[in-house]
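Just query.pdb here, PDB, C-alpha atoms:
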```pdb
ATOM      1  CA  MET A  89      15.599  -4.153  -0.121  1.00  0.00           C
ATOM      2  CA  LYS A  90      11.849  -4.474   0.239  1.00  0.00           C
ATOM      3  CA  GLY A  91      10.278  -1.241   1.335  1.00  0.00           C
ATOM      4  CA  GLN A  92      13.098   0.885  -0.080  1.00  0.00           C
ATOM      5  CA  SER A  93      12.161   3.289  -2.824  1.00  0.00           C
ATOM      6  CA  TYR A  94      14.101   5.044  -5.538  1.00  0.00           C
ATOM      7  CA  HIS A  95      13.913   8.212  -3.433  1.00  0.00           C
ATOM      8  CA  ASP A  96      15.297   6.404  -0.363  1.00  0.00           C
ATOM      9  CA  TYR A  97      18.316   5.312  -2.367  1.00  0.00           C
ATOM     10  CA  LEU A  98      18.825   8.829  -3.724  1.00  0.00           C
ATOM     11  CA  LYS A  99      18.912  10.246  -0.194  1.00  0.00           C
ATOM     12  CA  VAL A 100      21.616   7.811   0.856  1.00  0.00           C
ATOM     13  CA  LEU A 101      23.637   7.331  -2.328  1.00  0.00           C
ATOM     14  CA  GLY A 102      22.773  10.386  -4.405  1.00  0.00           C
ATOM     15  CA  GLU A 103      25.974  12.277  -3.706  1.00  0.00           C
ATOM     16  CA  LEU A 104      28.263   9.401  -4.648  1.00  0.00           C
ATOM     17  CA  ASN A 105      29.474   9.214  -8.231  1.00  0.00           C
ATOM     18  CA  LEU A 106      29.243   6.237 -10.535  1.00  0.00           C
ATOM     19  CA  HIS A 107      32.676   5.092 -11.597  1.00  0.00           C
ATOM     20  CA  SER A 108      32.387   4.277 -15.303  1.00  0.00           C
ATOM     21  CA  PHE A 109      35.269   1.798 -15.302  1.00  0.00           C
ATOM     22  CA  SER A 110      33.683  -0.414 -12.634  1.00  0.00           C
ATOM     23  CA  PHE A 111      30.286  -0.123 -14.324  1.00  0.00           C
ATOM     24  CA  THR A 112      31.778  -1.175 -17.663  1.00  0.00           C
ATOM     25  CA  LEU A 113      33.720  -4.064 -16.119  1.00  0.00           C
ATOM     26  CA  LEU A 114      30.554  -5.469 -14.613  1.00  0.00           C
ATOM     27  CA  ARG A 115      28.150  -4.653 -17.408  1.00  0.00           C
ATOM     28  CA  ASP A 116      30.186  -5.461 -20.515  1.00  0.00           C
ATOM     29  CA  HIS A 117      32.564  -8.149 -19.274  1.00  0.00           C
ATOM     30  CA  PHE A 118      31.489  -9.937 -16.100  1.00  0.00           C
ATOM     31  CA  ILE A 119      27.732 -10.169 -16.679  1.00  0.00           C
ATOM     32  CA  PRO A 120      28.003 -11.518 -20.258  1.00  0.00           C
ATOM     33  CA  GLU A 121      30.497 -14.131 -19.047  1.00  0.00           C
ATOM     34  CA  LEU A 122      28.260 -15.081 -16.140  1.00  0.00           C
ATOM     35  CA  LEU A 123      24.996 -15.263 -18.107  1.00  0.00           C
ATOM     36  CA  GLY A 124      26.301 -16.663 -21.390  1.00  0.00           C
ATOM     37  CA  ARG A 125      23.733 -17.307 -24.105  1.00  0.00           C
ATOM     38  CA  GLU A 126      20.869 -16.379 -21.812  1.00  0.00           C
ATOM     39  CA  GLN A 127      22.218 -12.866 -21.226  1.00  0.00           C
ATOM     40  CA  GLN A 128      19.607 -11.001 -23.305  1.00  0.00           C
ATOM     41  CA  THR A 129      16.629 -12.774 -21.736  1.00  0.00           C
ATOM     42  CA  ILE A 130      17.924 -12.529 -18.175  1.00  0.00           C
ATOM     43  CA  LEU A 131      18.849  -8.851 -18.488  1.00  0.00           C
ATOM     44  CA  TYR A 132      15.391  -8.009 -19.879  1.00  0.00           C
ATOM     45  CA  TRP A 133      13.738  -9.920 -17.019  1.00  0.00           C
ATOM     46  CA  GLY A 134      16.125  -8.255 -14.554  1.00  0.00           C
ATOM     47  CA  GLY A 135      15.179  -4.820 -15.850  1.00  0.00           C
ATOM     48  CA  LYS A 136      11.517  -5.647 -15.315  1.00  0.00           C
ATOM     49  CA  GLN A 137      12.263  -6.854 -11.773  1.00  0.00           C
ATOM     50  CA  LEU A 138      14.156  -3.642 -10.960  1.00  0.00           C
ATOM     51  CA  ALA A 139      11.224  -1.599 -12.254  1.00  0.00           C
ATOM     52  CA  ARG A 140       8.883  -3.461  -9.917  1.00  0.00           C
ATOM     53  CA  LYS A 141      11.135  -2.597  -6.967  1.00  0.00           C
ATOM     54  CA  PHE A 142      11.704   1.012  -8.008  1.00  0.00           C
ATOM     55  CA  ARG A 143       8.282   2.129  -9.225  1.00  0.00           C
ATOM     56  CA  LEU A 144       8.216   5.484 -10.932  1.00  0.00           C
ATOM     57  CA  SER A 145       5.132   7.597 -11.441  1.00  0.00           C
ATOM     58  CA  SER A 146       5.826   9.525 -14.650  1.00  0.00           C
ATOM     59  CA  LEU A 147       7.906   9.670 -17.810  1.00  0.00           C
ATOM     60  CA  GLU A 148       9.761  12.643 -16.323  1.00  0.00           C
ATOM     61  CA  GLU A 149      10.724  10.526 -13.326  1.00  0.00           C
ATOM     62  CA  LEU A 150      11.803   7.700 -15.662  1.00  0.00           C
ATOM     63  CA  ILE A 151      14.054  10.100 -17.566  1.00  0.00           C
ATOM     64  CA  SER A 152      15.499  11.391 -14.284  1.00  0.00           C
ATOM     65  CA  PHE A 153      16.072   7.833 -13.025  1.00  0.00           C
ATOM     66  CA  PHE A 154      18.149   6.977 -16.104  1.00  0.00           C
ATOM     67  CA  GLN A 155      20.327  10.039 -15.617  1.00  0.00           C
ATOM     68  CA  THR A 156      20.770   9.410 -11.891  1.00  0.00           C
ATOM     69  CA  ALA A 157      21.525   5.699 -12.375  1.00  0.00           C
ATOM     70  CA  GLY A 158      24.206   6.556 -14.919  1.00  0.00           C
ATOM     71  CA  TRP A 159      22.351   4.679 -17.651  1.00  0.00           C
ATOM     72  CA  GLY A 160      22.330   7.690 -19.951  1.00  0.00           C
ATOM     73  CA  HIS A 161      20.200  10.521 -21.234  1.00  0.00           C
ATOM     74  CA  LEU A 162      16.755   9.198 -22.151  1.00  0.00           C
ATOM     75  CA  GLN A 163      14.409  11.217 -24.327  1.00  0.00           C
ATOM     76  CA  ILE A 164      11.151  10.598 -26.112  1.00  0.00           C
ATOM     77  CA  VAL A 165      11.606  10.797 -29.893  1.00  0.00           C
ATOM     78  CA  HIS A 166       8.138   9.759 -31.121  1.00  0.00           C
ATOM     79  CA  GLN A 167       4.915   8.842 -29.447  1.00  0.00           C
ATOM     80  CA  LYS A 168       1.834   7.261 -31.015  1.00  0.00           C
ATOM     81  CA  LYS A 169      -1.348   5.807 -29.572  1.00  0.00           C
ATOM     82  CA  ASN A 170       0.178   2.425 -28.626  1.00  0.00           C
ATOM     83  CA  GLU A 171       3.874   2.989 -29.191  1.00  0.00           C
ATOM     84  CA  MET A 172       6.725   5.160 -28.040  1.00  0.00           C
ATOM     85  CA  GLU A 173      10.253   5.522 -29.346  1.00  0.00           C
ATOM     86  CA  LEU A 174      12.948   6.585 -26.913  1.00  0.00           C
ATOM     87  CA  GLU A 175      16.552   7.515 -27.551  1.00  0.00           C
ATOM     88  CA  LEU A 176      19.298   6.685 -25.073  1.00  0.00           C
ATOM     89  CA  THR A 177      22.624   8.523 -25.329  1.00  0.00           C
ATOM     90  CA  SER A 178      25.620   9.413 -23.183  1.00  0.00           C
ATOM     91  CA  LYS A 179      29.359   9.786 -23.377  1.00  0.00           C
ATOM     92  CA  LEU A 180      29.680   6.455 -21.526  1.00  0.00           C
ATOM     93  CA  ILE A 181      27.441   4.691 -24.071  1.00  0.00           C
ATOM     94  CA  GLU A 182      29.485   6.218 -26.889  1.00  0.00           C
ATOM     95  CA  GLU A 183      32.740   4.969 -25.351  1.00  0.00           C
ATOM     96  CA  ARG A 184      31.274   1.531 -24.571  1.00  0.00           C
ATOM     97  CA  MET A 185      30.285   1.214 -28.229  1.00  0.00           C
ATOM     98  CA  LYS A 186      33.893   1.848 -29.248  1.00  0.00           C
ATOM     99  CA  LEU A 187      35.293  -0.728 -26.809  1.00  0.00           C
ATOM    100  CA  SER A 188      32.810  -3.604 -26.895  1.00  0.00           C
ATOM    101  CA  PRO A 189      31.390  -5.177 -30.028  1.00  0.00           C
ATOM    102  CA  ASP A 190      28.503  -6.999 -28.320  1.00  0.00           C
ATOM    103  CA  LEU A 191      26.699  -4.546 -26.086  1.00  0.00           C
ATOM    104  CA  SER A 192      23.307  -5.188 -24.615  1.00  0.00           C
ATOM    105  CA  PHE A 193      20.731  -2.691 -23.465  1.00  0.00           C
ATOM    106  CA  GLN A 194      18.139  -5.311 -22.546  1.00  0.00           C
ATOM    107  CA  LEU A 195      18.298  -4.323 -18.876  1.00  0.00           C
ATOM    108  CA  GLU A 196      17.233  -0.807 -19.839  1.00  0.00           C
ATOM    109  CA  ALA A 197      14.593  -2.088 -22.283  1.00  0.00           C
ATOM    110  CA  GLY A 198      13.069  -4.368 -19.643  1.00  0.00           C
ATOM    111  CA  PHE A 199      13.106  -1.583 -17.080  1.00  0.00           C
ATOM    112  CA  ILE A 200      11.356   0.809 -19.449  1.00  0.00           C
ATOM    113  CA  ALA A 201       8.799  -1.811 -20.526  1.00  0.00           C
ATOM    114  CA  GLN A 202       7.806  -2.545 -16.940  1.00  0.00           C
ATOM    115  CA  GLN A 203       7.670   1.115 -15.912  1.00  0.00           C
ATOM    116  CA  ILE A 204       5.416   1.986 -18.863  1.00  0.00           C
ATOM    117  CA  GLU A 205       3.263  -1.081 -18.160  1.00  0.00           C
ATOM    118  CA  GLN A 206       2.821   0.045 -14.547  1.00  0.00           C
ATOM    119  CA  MET A 207       2.036   3.613 -15.600  1.00  0.00           C
ATOM    120  CA  LYS A 208      -0.420   2.756 -18.382  1.00  0.00           C
ATOM    121  CA  GLY A 209      -1.938  -0.476 -17.036  1.00  0.00           C
ATOM    122  CA  PHE A 210      -1.476  -2.414 -20.294  1.00  0.00           C
ATOM    123  CA  VAL A 211       0.841  -5.287 -21.205  1.00  0.00           C
ATOM    124  CA  THR A 212       3.966  -3.617 -22.570  1.00  0.00           C
ATOM    125  CA  GLU A 213       7.107  -4.792 -24.341  1.00  0.00           C
ATOM    126  CA  ALA A 214      10.247  -2.985 -25.457  1.00  0.00           C
ATOM    127  CA  HIS A 215      13.128  -3.783 -27.759  1.00  0.00           C
ATOM    128  CA  GLU A 216      16.448  -2.127 -28.384  1.00  0.00           C
ATOM    129  CA  GLU A 217      18.157  -1.108 -31.580  1.00  0.00           C
ATOM    130  CA  ILE A 218      21.797  -0.130 -31.232  1.00  0.00           C
ATOM    131  CA  LYS A 219      22.884   2.591 -33.665  1.00  0.00           C
ATOM    132  CA  LYS A 220      26.681   2.461 -33.367  1.00  0.00           C
ATOM    133  CA  ARG A 221      27.396   5.056 -36.041  1.00  0.00           C
ATOM    134  CA  ALA A 222      25.064   7.522 -34.351  1.00  0.00           C
ATOM    135  CA  ASN A 223      26.284   6.553 -30.837  1.00  0.00           C
ATOM    136  CA  LYS A 224      22.793   5.933 -29.540  1.00  0.00           C
ATOM    137  CA  VAL A 225      20.289   3.262 -28.641  1.00  0.00           C
ATOM    138  CA  ILE A 226      16.698   3.394 -29.828  1.00  0.00           C
ATOM    139  CA  ILE A 227      14.228   1.659 -27.531  1.00  0.00           C
ATOM    140  CA  THR A 228      10.808   1.038 -29.026  1.00  0.00           C
ATOM    141  CA  VAL A 229       8.023   0.457 -26.519  1.00  0.00           C
ATOM    142  CA  LYS A 230       4.644  -0.992 -27.508  1.00  0.00           C
ATOM    143  CA  TRP A 231       1.581  -1.648 -25.375  1.00  0.00           C
ATOM    144  CA  ASP A 232      -1.705  -3.388 -26.036  1.00  0.00           C
ATOM    145  CA  GLU A 233      -4.768  -1.488 -24.832  1.00  0.00           C
ATOM    146  CA  LYS A 234      -6.821  -4.669 -25.162  1.00  0.00           C
ATOM    147  CA  ASP A 235      -4.593  -6.495 -22.672  1.00  0.00           C
ATOM    148  CA  THR A 236      -4.836  -4.825 -19.255  1.00  0.00           C
ATOM    149  CA  VAL A 237      -2.770  -5.738 -16.225  1.00  0.00           C
ATOM    150  CA  GLN A 238      -3.813  -5.713 -12.629  1.00  0.00           C
ATOM    151  CA  PRO A 239      -2.158  -2.933 -10.634  1.00  0.00           C
ATOM    152  CA  VAL A 240       0.601  -4.171  -8.346  1.00  0.00           C
ATOM    153  CA  LEU A 241       0.678  -2.454  -4.992  1.00  0.00           C
ATOM    154  CA  PRO A 242       4.091  -1.203  -3.847  1.00  0.00           C
TER
END
```
Whole structure given in structure tokens:
Amino acid sequence: MKGQSYHDYLKVLGELNLHSFSFTLLRDHFIPELLGREQQTILYWGGKQLARKFRLSSLEELISFFQTAGWGHLQIVHQKKNEMELELTSKLIEERMKLSPDLSFQLEAGFIAQQIEQMKGFVTEAHEEIKKRANKVIITVKWDEKDTVQPVLP
């Protein structure tokens, strides 16, 4: 896996389609069973790890990554000096919300937090807020301009 980039994977796998049933089986049934009470923490950490392996260079590329990965349509709703609010939607997310009472989007939150941290160079955290009635997930990202991080080379 080391040395492979997001673009390398797109070249090889880009024409294949994500099968939503298999994704949902893994994401909403197998992983929660496997991880148990630590699911939220491990998924957030896992999202950060994935972001370190698949470094993106811009918010546009982040939005494109989400669409390509089948994670949903990501858009910026609000942006302030040290905070950003993103909205995640898709037909799959809408259907998952109908079928599973305890969804987690910590993988996505961790991924976003790490990508923004790498782009901005400041310690960054993100948290999710599931809006079932509106069929969307709000991910709030905050960074601390007083707490810089050392750039990690690819």
- Query: So which residues are close to (8.1, 0.9, -24.8), meaning at most 6 Å away in the file's coordinates with all atoms listed in the file counted, and can you show them as a list in words?
  - Reply: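 Checked against the point, the hits come out as Met172, Ala201, Glu213, Ala214, Thr228, Val229 and Lys230 of chain A.
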- Task: Specify as a list of chain:residue names each residue included when the PyMOL selection byres ((chain A and resi 140) around 9) is applied to this file.
- Result: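 Output from the PyMOL selection byres ((chain A and resi 140) around 9), applied to this file: A:Gly135, A:Lys136, A:Gln137, A:Leu138, A:Ala139, A:Lys141, A:Phe142, A:Arg143, A:Phe199, A:Gln202, A:Gln203, A:Gln206, A:Val240, A:Pro242.
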- Query: Once you count all atoms listed in the file, which residues end up no further than 7 Å from (6.8, 4.3, -14.9) in the file's frame, shown as a VMD selection string?
  - Reply: chain A and resid 143 to 147 150 203 to 204 206 to 207
- Selection result for the PyMOL selection byres ((chain A and resi 184) around 12) on this file, as a PyMOL selection string: chain A and resi 108-109+111-113+115-117+159-160+177-183+185-193+218+220+223-225
- Computed gap from CA of His215 in chain A to CA of Thr156 in chain A is 22.0 Å
- Give me, please, the distance in Å between CA of Asp232 in chain A and CA of Asn170 in chain A, quoted to one decimal.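 Separation between CA of Asp232 in chain A and CA of Asn170 in chain A: 6.6 Å.
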- Distance of CA of Gln167 in chain A from CA of Phe210 in chain A, expressed in Å to one decimal place: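 CA of Gln167 in chain A lies at a distance of 15.9 Å from CA of Phe210 in chain A.
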- Using the chain letters and numbers from the file, give me the residues hit by the PyMOL selection byres ((chain A and resi 163) around 10), as a list of chain:residue names.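 Against this file, the PyMOL selection byres ((chain A and resi 163) around 10) returns the residues A:Leu147, A:Glu148, A:Leu150, A:Ile151, A:Phe154, A:Gly160, A:His161, A:Leu162, A:Ile164, A:Val165, A:His166, A:Glu173, A:Leu174, A:Glu175, A:Leu176, A:Thr177, A:Ile226.
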Same residues, C-alpha atoms, output as a PDB file, keeping the file's coordinate frame:
```pdb
ATOM      1  CA  LEU A 147       7.906   9.670 -17.810  1.00  0.00           C
ATOM      2  CA  GLU A 148       9.761  12.643 -16.323  1.00  0.00           C
ATOM      3  CA  LEU A 150      11.803   7.700 -15.662  1.00  0.00           C
ATOM      4  CA  ILE A 151      14.054  10.100 -17.566  1.00  0.00           C
ATOM      5  CA  PHE A 154      18.149   6.977 -16.104  1.00  0.00           C
ATOM      6  CA  GLY A 160      22.330   7.690 -19.951  1.00  0.00           C
ATOM      7  CA  HIS A 161      20.200  10.521 -21.234  1.00  0.00           C
ATOM      8  CA  LEU A 162      16.755   9.198 -22.151  1.00  0.00           C
ATOM      9  CA  ILE A 164      11.151  10.598 -26.112  1.00  0.00           C
ATOM     10  CA  VAL A 165      11.606  10.797 -29.893  1.00  0.00           C
ATOM     11  CA  HIS A 166       8.138   9.759 -31.121  1.00  0.00           C
ATOM     12  CA  GLU A 173      10.253   5.522 -29.346  1.00  0.00           C
ATOM     13  CA  LEU A 174      12.948   6.585 -26.913  1.00  0.00           C
ATOM     14  CA  GLU A 175      16.552   7.515 -27.551  1.00  0.00           C
ATOM     15  CA  LEU A 176      19.298   6.685 -25.073  1.00  0.00           C
ATOM     16  CA  THR A 177      22.624   8.523 -25.329  1.00  0.00           C
ATOM     17  CA  ILE A 226      16.698   3.394 -29.828  1.00  0.00           C
TER      18      ILE A 226
END
```
- Message: I need the residue nearest Ile130 in chain A from this list: A:Ala222, A:Val237, A:Ile227, A:Leu195. Use only C-alpha atoms for the distance.
- Response: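 The shortest atom-to-atom distance to Ile130 in chain A comes from A:Leu195.
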- Message: Given only C-alpha atoms as the basis, pick out the residue of A:Lys168, A:Ile200, A:Gln155, A:Gln194 nearest to Pro120 in chain A.
- Response: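 Using only C-alpha atoms, the shortest distance to Pro120 in chain A belongs to A:Gln194.
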